[in-house]
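Colleague: Pasting a structure below so you can have a look.
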Amino acid sequence: MKKILTVLLICVMFGTLAPTLADAKATKTYYKTTIKSATGKKYTISLRSNNAKKEIADFTWGGFKIGDVLYKGTFSFYVNNKKTTLKTKKEFNRTQKNIRVIPSKKGTPQFLSVKESLSLNYHAYTLYYMYNGQFKKVKSEFGSTVQPIYAGKNLIKVAQYNNRNKVGYDIYTYRINPKTGKRTLVKKQFQSGSVLYNFKPAKK
């Protein structure tokens, strides 16, 4: 009888510990930051994974340099330590910090941008934000040579290097609908020259 009780006790202990160890592995944090909603409320955002693998870049390209620490896998987004349904498979470059917050003024949510380099001067940015307590994703990616910037209430501006006919930058301003996550092109302009000047966040 004593042996049976001992076996049962061991089974109960391992049955209790196994899920805990699995959860701990699944929730390893690779990135953590804070963003604000349009009302100014703060939320802690983290990326966690149970299959991310570490790599050290051994050559230089558009998205990384020799020696950069890279993590590749499937990352889940957590808000205030609670798992959301949103995920990303874009690699995390811990050295170059390809995941950043786009600051904004009150009335517009702060956006979390995840950058994926497609060439030396063209990158795809996926934006995430908080709306009514929900973590949401802007439905379309933004192609840009530089980090997107805040351009006014619910407005985001990007700049794409263009050397097809005349060297310069195509600058696009988009309005984002926080409720739906859809974007609308508001303005397009061309700035000549190889140097991108006067590309600064709006003051209000």
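Residue numbering restarts at 1 in every chain; chains get A, B, ... in the order shown in the structure tokens, and ligands count up from 1 in that same order.
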Name all residues at most 7 Å from Tyr129 in chain A (count only C-alpha atoms; drop same-chain ones fewer than 5 positions away) and give them as a PyMOL selection string.

Modeller: chain A and resi 109-112+135-137

Colleague: Generate a file of the selected residues that holds C-alpha atoms, formatted as a PDB file, in the first residue's frame.

Modeller:
ATOM      1  CA  PRO A 109      -1.383  55.555 -30.422  1.00  0.00           C
ATOM      2  CA  GLN A 110       2.315  54.815 -30.284  1.00  0.00           C
ATOM      3  CA  PHE A 111       3.235  52.202 -32.866  1.00  0.00           C
ATOM      4  CA  LEU A 112       5.539  49.242 -32.369  1.00  0.00           C
ATOM      5  CA  PHE A 135      -3.398  44.857 -29.387  1.00  0.00           C
ATOM      6  CA  LYS A 136      -3.917  45.413 -33.117  1.00  0.00           C
ATOM      7  CA  LYS A 137      -1.929  45.249 -36.341  1.00  0.00           C
TER       8      LYS A 137
END

Colleague: Write out as a VMD selection string the residues lying within 9 Å of Thr29 in chain A, counting only C-alpha atoms and excluding same-chain residues fewer than 3 positions away.

Modeller: chain A and resid 26 32 46 to 49

Colleague: Could you give me, as a ChimeraX atom specification, the residues within 10 Å of Gly152 in chain A, counting only C-alpha atoms and dropping anything in the same chain fewer than 4 positions from it?

Modeller: /A:104-105,107-108,156-157,173-175,201-204

Colleague: Any chance you could list, as number ranges by chain, the residues in range 18-163 of chain A that come up helix (DSSP H, G or I) when DSSP is run on the backbone?

Modeller: A: 18-26

Colleague: Taking all heavy atoms for each residue, export the selection above as a CSV table (one decimal), in the first residue's frame.

Modeller:
chain,number,residue,atom,x,y,z
A,18,ALA,N,5.3,19.2,-15.1
A,18,ALA,CA,5.5,19.2,-16.5
A,18,ALA,C,4.9,20.4,-17.3
A,18,ALA,O,5.6,21.0,-18.0
A,18,ALA,CB,4.9,17.8,-17.1
A,19,PRO,N,3.6,20.7,-17.1
A,19,PRO,CA,3.1,21.9,-17.8
A,19,PRO,C,3.8,23.2,-17.4
A,19,PRO,O,4.0,24.0,-18.2
A,19,PRO,CB,1.6,21.9,-17.3
A,19,PRO,CG,1.3,20.6,-16.7
A,19,PRO,CD,2.6,20.1,-16.2
A,20,THR,N,4.2,23.3,-16.1
A,20,THR,CA,4.9,24.5,-15.6
A,20,THR,C,6.2,24.7,-16.4
A,20,THR,O,6.5,25.8,-16.8
A,20,THR,CB,5.2,24.4,-14.1
A,20,THR,OG1,3.9,24.2,-13.5
A,20,THR,CG2,5.8,25.7,-13.6
A,21,LEU,N,7.0,23.6,-16.6
A,21,LEU,CA,8.2,23.7,-17.3
A,21,LEU,C,8.0,24.0,-18.7
A,21,LEU,O,8.7,24.8,-19.3
A,21,LEU,CB,9.0,22.3,-17.1
A,21,LEU,CG,9.5,22.0,-15.7
A,21,LEU,CD1,10.0,20.6,-15.7
A,21,LEU,CD2,10.5,23.0,-15.3
A,22,ALA,N,7.0,23.4,-19.3
A,22,ALA,CA,6.6,23.7,-20.7
A,22,ALA,C,6.2,25.1,-20.9
A,22,ALA,O,6.6,25.8,-21.9
A,22,ALA,CB,5.5,22.8,-21.2
A,23,ASP,N,5.4,25.7,-20.0
A,23,ASP,CA,5.0,27.1,-20.1
A,23,ASP,C,6.2,28.0,-20.0
A,23,ASP,O,6.3,29.0,-20.6
A,23,ASP,CB,4.0,27.4,-19.0
A,23,ASP,CG,2.6,26.7,-19.2
A,23,ASP,OD1,2.4,26.2,-20.4
A,23,ASP,OD2,1.8,26.6,-18.3
A,24,ALA,N,7.1,27.6,-19.1
A,24,ALA,CA,8.3,28.5,-18.9
A,24,ALA,C,9.1,28.6,-20.1
A,24,ALA,O,9.6,29.6,-20.5
A,24,ALA,CB,9.1,27.9,-17.7
A,25,LYS,N,9.2,27.4,-20.8
A,25,LYS,CA,10.0,27.4,-22.1
A,25,LYS,C,9.2,28.2,-23.2
A,25,LYS,O,9.9,28.9,-23.9
A,25,LYS,CB,10.1,26.0,-22.6
A,25,LYS,CG,10.9,25.8,-23.8
A,25,LYS,CD,11.1,24.4,-24.3
A,25,LYS,CE,11.9,24.3,-25.6
A,25,LYS,NZ,12.0,22.9,-26.0
A,26,ALA,N,7.9,28.1,-23.2
A,26,ALA,CA,7.1,28.8,-24.2
A,26,ALA,C,7.1,30.3,-24.0
A,26,ALA,O,6.8,31.0,-25.0
A,26,ALA,CB,5.7,28.2,-24.2

Colleague: From the DSSP assignment of the backbone, select every residue of range 17-157 of chain A that is strand (DSSP E), and format the answer as a ChimeraX atom specification.

Modeller: /A:28-36,42-49,53-56,69-72,75-79,82-88,92-93,99-102,111-119,122-131,134-137,142-144,149-152,155-157

Colleague: What's around Val101 in chain A at 12 Å? Count only C-alpha atoms, leave out sequence neighbours fewer than 4 positions away in its own chain, and write the answer as number ranges by chain.

Modeller: A: 31-36, 44-45, 97, 109-115, 125-129, 147-150

Colleague: Could you name the residues that touch Asp68 in chain A at 10 Å or less, counting only C-alpha atoms, but leaving out those on the same chain fewer than 5 positions away, as a PDB file with N, CA, C and O atoms, in the first residue's frame?

Modeller:
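Contents of selection-v7.pdb, as written:
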ATOM      1  N   GLU A  55      21.558  33.026 -33.668  1.00  0.00           N
ATOM      2  CA  GLU A  55      22.585  32.960 -34.705  1.00  0.00           C
ATOM      3  C   GLU A  55      23.465  34.204 -34.606  1.00  0.00           C
ATOM      4  O   GLU A  55      23.006  35.268 -34.203  1.00  0.00           O
ATOM      5  N   ILE A  56      24.713  34.060 -34.982  1.00  0.00           N
ATOM      6  CA  ILE A  56      25.630  35.192 -35.048  1.00  0.00           C
ATOM      7  C   ILE A  56      25.935  35.444 -36.524  1.00  0.00           C
ATOM      8  O   ILE A  56      26.438  34.536 -37.213  1.00  0.00           O
ATOM      9  N   ALA A  57      25.619  36.638 -37.005  1.00  0.00           N
ATOM     10  CA  ALA A  57      25.829  36.939 -38.425  1.00  0.00           C
ATOM     11  C   ALA A  57      27.314  36.868 -38.771  1.00  0.00           C
ATOM     12  O   ALA A  57      28.145  37.458 -38.077  1.00  0.00           O
ATOM     13  N   ASP A  58      27.632  36.133 -39.854  1.00  0.00           N
ATOM     14  CA  ASP A  58      29.030  36.001 -40.260  1.00  0.00           C
ATOM     15  C   ASP A  58      29.321  36.762 -41.554  1.00  0.00           C
ATOM     16  O   ASP A  58      30.370  36.584 -42.171  1.00  0.00           O
ATOM     17  N   PHE A  59      28.362  37.588 -42.006  1.00  0.00           N
ATOM     18  CA  PHE A  59      28.600  38.482 -43.132  1.00  0.00           C
ATOM     19  C   PHE A  59      27.672  39.684 -42.999  1.00  0.00           C
ATOM     20  O   PHE A  59      26.753  39.691 -42.185  1.00  0.00           O
ATOM     21  N   THR A  60      27.919  40.719 -43.766  1.00  0.00           N
ATOM     22  CA  THR A  60      27.150  41.959 -43.676  1.00  0.00           C
ATOM     23  C   THR A  60      26.173  42.061 -44.839  1.00  0.00           C
ATOM     24  O   THR A  60      26.518  41.773 -45.988  1.00  0.00           O
ATOM     25  N   GLY A  63      20.168  43.970 -43.571  1.00  0.00           N
ATOM     26  CA  GLY A  63      19.508  43.889 -42.274  1.00  0.00           C
ATOM     27  C   GLY A  63      20.409  43.580 -41.107  1.00  0.00           C
ATOM     28  O   GLY A  63      19.982  43.624 -39.954  1.00  0.00           O
ATOM     29  N   ASN A  93      16.693  41.103 -34.567  1.00  0.00           N
ATOM     30  CA  ASN A  93      18.111  41.462 -34.508  1.00  0.00           C
ATOM     31  C   ASN A  93      18.327  42.246 -33.223  1.00  0.00           C
ATOM     32  O   ASN A  93      18.021  43.428 -33.145  1.00  0.00           O
ATOM     33  N   ARG A  94      18.837  41.571 -32.212  1.00  0.00           N
ATOM     34  CA  ARG A  94      19.013  42.208 -30.908  1.00  0.00           C
ATOM     35  C   ARG A  94      20.066  43.324 -30.966  1.00  0.00           C
ATOM     36  O   ARG A  94      19.977  44.313 -30.240  1.00  0.00           O
ATOM     37  N   THR A  95      21.049  43.163 -31.852  1.00  0.00           N
ATOM     38  CA  THR A  95      22.116  44.154 -31.955  1.00  0.00           C
ATOM     39  C   THR A  95      21.648  45.429 -32.644  1.00  0.00           C
ATOM     40  O   THR A  95      21.860  46.537 -32.151  1.00  0.00           O
ATOM     41  N   GLN A  96      20.997  45.281 -33.788  1.00  0.00           N
ATOM     42  CA  GLN A  96      20.548  46.441 -34.571  1.00  0.00           C
ATOM     43  C   GLN A  96      19.203  46.993 -34.104  1.00  0.00           C
ATOM     44  O   GLN A  96      18.771  48.051 -34.547  1.00  0.00           O
TER      45      GLN A  96
END

Colleague: Report, in Å to a single decimal, how far apart CA of Ala159 in chain A and CA of Ile171 in chain A are.

Modeller: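 Pair CA of Ile171 in chain A / CA of Ala159 in chain A returns 4.4 Å.
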
Colleague: With only C-alpha atoms as the atoms that count, which of A:Leu118, A:Ser192, A:Gly62, A:Lys72 lies nearest to Asn163 in chain A?

Modeller: A:Ser192

Colleague: Using only C-alpha atoms, find the one residue out of A:Ala151, A:Arg164, A:Gln134, A:Phe199 that sits nearest to Gly181 in chain A.

Modeller: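 The closest residue to Gly181 in chain A is A:Gln134.
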
Colleague: Please determine, counting only C-alpha atoms, which residue among A:Asn162, A:Asn80, A:Asn98, A:Thr88 has the shortest atom-to-atom distance to Asn121 in chain A.

Modeller: A:Asn162

Colleague: Of the candidates A:Thr39, A:Thr74, A:Gln191, A:Thr145, which one gets nearest to Lys87 in chain A if we count only C-alpha atoms?

Modeller: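 So, comparing all the options, the nearest one is A:Thr74.
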